[in-house]
file run20.txt (compact mmCIF, C-alpha atoms)
# COMPACT_ATOMS: atom_id res chain seq x y z
CA MET A 120 45.58 -9.20 -40.24
CA LYS A 121 42.44 -8.95 -42.34
CA ASN A 122 40.65 -11.49 -40.11
CA LYS A 123 41.54 -9.47 -36.97
CA LYS A 124 40.07 -6.26 -38.44
CA LEU A 125 36.93 -8.13 -39.51
CA LEU A 126 36.58 -9.72 -36.04
CA TRP A 127 37.01 -6.35 -34.24
CA SER A 128 34.53 -4.68 -36.62
CA PHE A 129 32.00 -7.43 -36.01
CA LEU A 130 32.48 -7.15 -32.22
CA ILE A 131 32.00 -3.36 -32.30
CA VAL A 132 28.80 -3.74 -34.39
CA ILE A 133 27.46 -6.30 -31.90
CA ILE A 134 28.20 -3.96 -28.95
CA ILE A 135 26.48 -1.03 -30.71
CA VAL A 136 23.39 -3.13 -31.54
CA VAL A 137 23.12 -4.48 -27.98
CA GLY A 138 23.57 -0.95 -26.58
CA CYS A 139 20.87 0.46 -28.88
CA VAL A 140 18.42 -2.32 -28.03
CA GLY A 141 19.15 -1.88 -24.30
CA PHE A 142 18.66 1.89 -24.52
CA TYR A 143 15.38 1.45 -26.44
CA ARG A 144 14.10 -1.08 -23.88
CA TYR A 145 15.14 1.14 -20.95
CA ARG A 146 13.16 4.06 -22.39
CA GLN A 147 10.18 1.82 -23.14
CA VAL A 148 10.01 0.43 -19.59
CA ASN A 149 10.47 3.81 -17.88
CA ALA A 150 8.29 5.88 -20.21
CA HIS A 151 5.10 5.78 -18.11
CA PRO A 152 5.68 5.26 -14.39
CA GLN A 153 2.53 4.00 -12.64
CA GLN A 154 2.80 5.61 -9.20
CA TYR A 155 4.58 8.71 -7.94
CA GLY A 156 4.28 8.05 -4.22
CA VAL A 157 2.27 9.68 -1.44
CA THR A 158 1.36 13.28 -2.23
CA LYS A 159 -0.46 14.20 0.98
CA GLU A 160 -1.71 12.86 4.28
CA GLN A 161 -5.29 13.61 5.21
CA LEU A 162 -6.41 13.10 8.81
CA PHE A 163 -9.94 11.94 9.60
CA ARG A 164 -11.95 11.12 12.75
CA LYS A 165 -13.79 8.02 13.93
CA ASN A 166 -17.29 7.59 12.46
CA GLU A 167 -16.51 10.08 9.69
CA LEU A 168 -17.40 8.95 6.16
CA VAL A 169 -14.29 9.31 4.02
CA LYS A 170 -15.00 9.65 0.31
CA ALA A 171 -11.76 8.90 -1.47
CA TYR A 172 -10.94 8.10 -5.08
CA HIS A 173 -12.95 4.94 -5.97
CA VAL A 174 -13.55 3.97 -2.33
CA ASN A 175 -15.63 5.13 0.65
CA PHE A 176 -14.89 3.97 4.19
CA ILE A 177 -15.76 4.63 7.82
CA VAL A 178 -13.72 3.62 10.86
CA HIS A 179 -16.14 2.87 13.71
CA GLU A 180 -13.79 1.73 16.44
CA ALA A 181 -10.06 1.92 17.01
CA ALA A 182 -8.45 0.76 20.24
CA VAL A 183 -4.82 0.54 21.32
CA LYS A 184 -3.65 -1.92 23.98
CA LYS A 185 -0.11 -1.70 25.34
CA SER A 186 1.76 -4.51 27.03
CA LYS A 187 5.36 -4.93 28.15
CA ASP A 188 6.53 -6.39 24.82
CA ALA A 189 4.08 -5.16 22.18
CA VAL A 190 1.48 -2.58 21.25
CA GLN A 191 -1.68 -3.93 19.66
CA ALA A 192 -4.37 -2.03 17.79
CA LYS A 193 -7.78 -3.23 16.68
CA VAL A 194 -9.63 -1.31 13.95
CA LYS A 195 -13.27 -1.91 12.98
CA PHE A 196 -14.48 -0.36 9.71
CA HIS A 197 -16.89 -0.43 6.77
CA ILE A 198 -15.58 -0.13 3.23
CA ARG A 199 -17.32 0.25 -0.12
CA GLN A 200 -15.53 0.17 -3.45
CA THR A 201 -17.10 2.77 -5.79
CA GLY A 202 -14.79 2.26 -8.75
CA GLN A 203 -11.94 0.15 -10.09
CA PRO A 204 -9.79 -1.33 -7.27
CA PHE A 205 -6.06 -0.73 -7.65
CA TYR A 206 -4.39 -1.88 -4.45
CA GLY A 207 -0.82 -3.10 -4.12
CA GLU A 208 0.00 -1.28 -7.41
CA ARG A 209 -1.89 -3.89 -9.45
CA LYS A 210 -4.95 -3.18 -11.58
CA ASN A 211 -8.20 -4.87 -10.53
CA ASN A 212 -6.67 -5.97 -7.22
CA PRO A 213 -9.42 -5.83 -4.54
CA ASN A 214 -7.03 -6.74 -1.68
CA PHE A 215 -7.38 -3.44 0.18
CA ILE A 216 -5.56 -4.70 3.27
CA GLU A 217 -2.29 -4.40 1.32
CA ASN A 218 -2.70 -0.64 1.69
CA MET A 219 -3.78 -0.53 5.39
CA TYR A 220 -1.28 -0.52 8.22
CA LEU A 221 -0.53 0.61 11.74
CA ASN A 222 1.61 3.68 11.16
CA ASN A 223 4.25 4.30 13.81
CA PRO A 224 6.04 7.38 12.42
CA TYR A 225 9.81 6.95 12.25
CA GLY A 226 9.51 3.45 13.71
CA THR A 227 8.23 0.03 12.73
CA SER A 228 4.94 0.22 10.80
CA ASN A 229 3.16 -3.10 10.32
CA PRO A 230 0.39 -4.30 8.05
CA SER A 231 -2.28 -6.68 9.26
CA ILE A 232 -2.24 -10.27 8.10
CA LYS A 233 -5.80 -11.21 9.03
CA LEU A 234 -9.15 -9.69 8.18
CA TYR A 235 -12.24 -10.64 10.16
CA ASP A 236 -15.90 -10.17 9.24
CA LYS A 237 -18.66 -9.13 11.66
CA SER A 238 -19.03 -12.75 12.87
CA HIS A 239 -15.32 -12.74 13.79
CA HIS A 240 -14.48 -15.31 11.12
CA SER A 241 -11.28 -14.88 9.14
CA ILE A 242 -12.12 -13.82 5.59
CA ASN A 243 -10.14 -13.79 2.37
CA PRO A 244 -9.46 -10.13 1.46
CA TYR A 245 -9.94 -10.87 -2.25
CA LYS A 246 -13.55 -11.97 -1.57
CA ALA A 247 -14.29 -9.50 1.23
CA LEU A 248 -15.68 -6.67 -0.88
CA ALA A 249 -17.86 -8.98 -2.95
CA ASN A 250 -19.48 -11.11 -0.28
CA GLY A 251 -17.98 -10.24 3.10
CA LYS A 252 -20.19 -9.46 6.09
CA GLN A 253 -19.32 -5.92 7.13
CA PRO A 254 -18.03 -4.32 9.31
CA PHE A 255 -14.54 -5.75 9.05
CA THR A 256 -11.97 -5.89 11.84
CA MET A 257 -8.18 -5.89 11.56
CA ASP A 258 -5.57 -6.47 14.26
CA PHE A 259 -2.12 -4.88 14.17
CA THR A 260 0.94 -5.43 16.37
CA ILE A 261 4.23 -3.54 16.69
CA PRO A 262 7.13 -4.07 19.11
CA ARG A 263 7.02 -1.97 22.29
CA TYR A 264 10.59 -0.66 21.85
CA SER A 265 9.65 0.81 18.46
CA TYR A 266 6.53 2.39 19.95
CA ASP A 267 8.56 3.96 22.78
CA MET A 268 10.99 5.59 20.31
CA ARG A 269 8.30 7.31 18.22
CA ASN A 270 8.18 11.09 17.97
CA GLN A 271 4.63 11.43 16.60
CA LYS A 272 1.29 9.92 17.50
CA LEU A 273 0.43 6.36 16.50
CA ARG A 274 -2.08 6.18 13.65
CA PHE A 275 -4.02 3.83 11.41
CA SER A 276 -3.26 4.65 7.76
CA PHE A 277 -4.92 3.67 4.50
CA LEU A 278 -3.08 4.44 1.25
CA VAL A 279 -5.68 5.12 -1.42
CA PRO A 280 -4.46 5.14 -5.03
CA ALA A 281 -5.67 8.24 -6.87
CA LYS A 282 -4.70 8.27 -10.56
CA LYS A 283 -0.88 8.52 -10.51
CA HIS A 284 -0.24 8.98 -6.78
CA TYR A 285 -1.41 7.93 -3.31
CA VAL A 286 -3.35 9.84 -0.69
CA LYS A 287 -2.67 8.64 2.85
CA TYR A 288 -5.79 8.77 5.03
CA SER A 289 -4.84 8.57 8.70
CA LEU A 290 -6.74 8.21 11.96
CA LEU A 291 -4.86 9.26 15.10
CA LEU A 292 -5.12 6.48 17.67
CA GLU A 293 -3.84 8.42 20.69

call {"tool": "encode", "arguments": {"input": "run20.txt", "output": "structure tokens"}}
result
Amino acid sequence: MKNKKLLWSFLIVIIIVVGCVGFYRYRQVNAHPQQYGVTKEQLFRKNELVKAYHVNFIVHEAAVKKSKDAVQAKVKFHIRQTGQPFYGERKNNPNFIENMYLNNPYGTSNPSIKLYDKSHHSINPYKALANGKQPFTMDFTIPRYSYDMRNQKLRFSFLVPAKKHYVKYSLLLE
């Protein structure tokens, strides 16, 4: 009888300690969230210099080509990092193409996989800002059925991190 009470008391103490440690760790992890999502969308035009938080960019050309099965877009742009890069929610991450995509509102929105320099050679996005030959070109593709079901205009979007949120810079392609 005495051993049963001691065993139950020990089990309850273990559960309380594990619960307290779990609660402490939960509060520690969730105390300072890094990003709060997109706060606004700002439209811009071709050949307009966009001065965003820690980055400046200009889109020179943007063309959409539709076929029976897919819609393709080609975007040519200059980019200049003016501060600390923070793409893909990681500090010091210069891979800006993680935050650029063909935005098909309420449909399939796709990022680009390849980045090309002005000589049309594929370039590593991590090295692009440091020693890439600008302007850069990106190709995007979405399925035609998704494009046909959209209810807003197709756009090229660039999510720029600004302190604890994102600003979505969008260029209407149609």

call {"tool": "residues_around", "arguments": {"input": "run20.txt", "residues": "region 266-282 of chain A", "least_positions_apart": "3", "cutoff": "7 Å", "atoms": "all atoms listed in the file", "output": "number ranges by chain"}}
result
A: 172, 205, 218-226, 262-263, 285-293

call {"tool": "residues_around", "arguments": {"input": "run20.txt", "residues": "region 180-183 of chain A", "least_positions_apart": "6", "cutoff": "8 Å", "atoms": "all atoms listed in the file", "output": "number ranges by chain"}}
result
A: 165-166, 190-196, 292-293

call {"tool": "atom_distance", "arguments": {"input": "run20.txt", "atom1": "CA of Gln253 (chain A)", "atom2": "CA of His239 (chain A)"}}
result
10.3 Å

call {"tool": "closest_residue", "arguments": {"input": "run20.txt", "among": "A:Ala189, A:Ile198, A:Ala150, A:Val140", "to": "Leu168 (chain A)", "atoms": "all atoms listed in the file"}}
result
A:Ile198

call {"tool": "atom_distance", "arguments": {"input": "run20.txt", "atom1": "CA of Lys184 (chain A)", "atom2": "CA of Gly207 (chain A)"}}
result
28.3 Å

call {"tool": "atom_distance", "arguments": {"input": "run20.txt", "atom1": "CA of Phe163 (chain A)", "atom2": "CA of Asp188 (chain A)"}}
result
29.0 Å

call {"tool": "closest_residue", "arguments": {"input": "run20.txt", "among": "A:Arg209, A:Lys233, A:Arg199, A:Lys123", "to": "Ala249 (chain A)", "atoms": "all atoms listed in the file"}}
result
A:Arg199

call {"tool": "closest_residue", "arguments": {"input": "run20.txt", "among": "A:Val174, A:Val132, A:Val137, A:Val157", "to": "Leu248 (chain A)", "atoms": "all atoms listed in the file"}}
result
A:Val174

call {"tool": "closest_residue", "arguments": {"input": "run20.txt", "among": "A:His197, A:Ile131, A:Gly202, A:His284", "to": "Glu167 (chain A)", "atoms": "all atoms listed in the file"}}
result
A:His197

call {"tool": "closest_residue", "arguments": {"input": "run20.txt", "among": "A:Gln200, A:Asn214, A:Asn122, A:Thr256", "to": "Val169 (chain A)", "atoms": "only C-alpha atoms"}}
result
A:Gln200
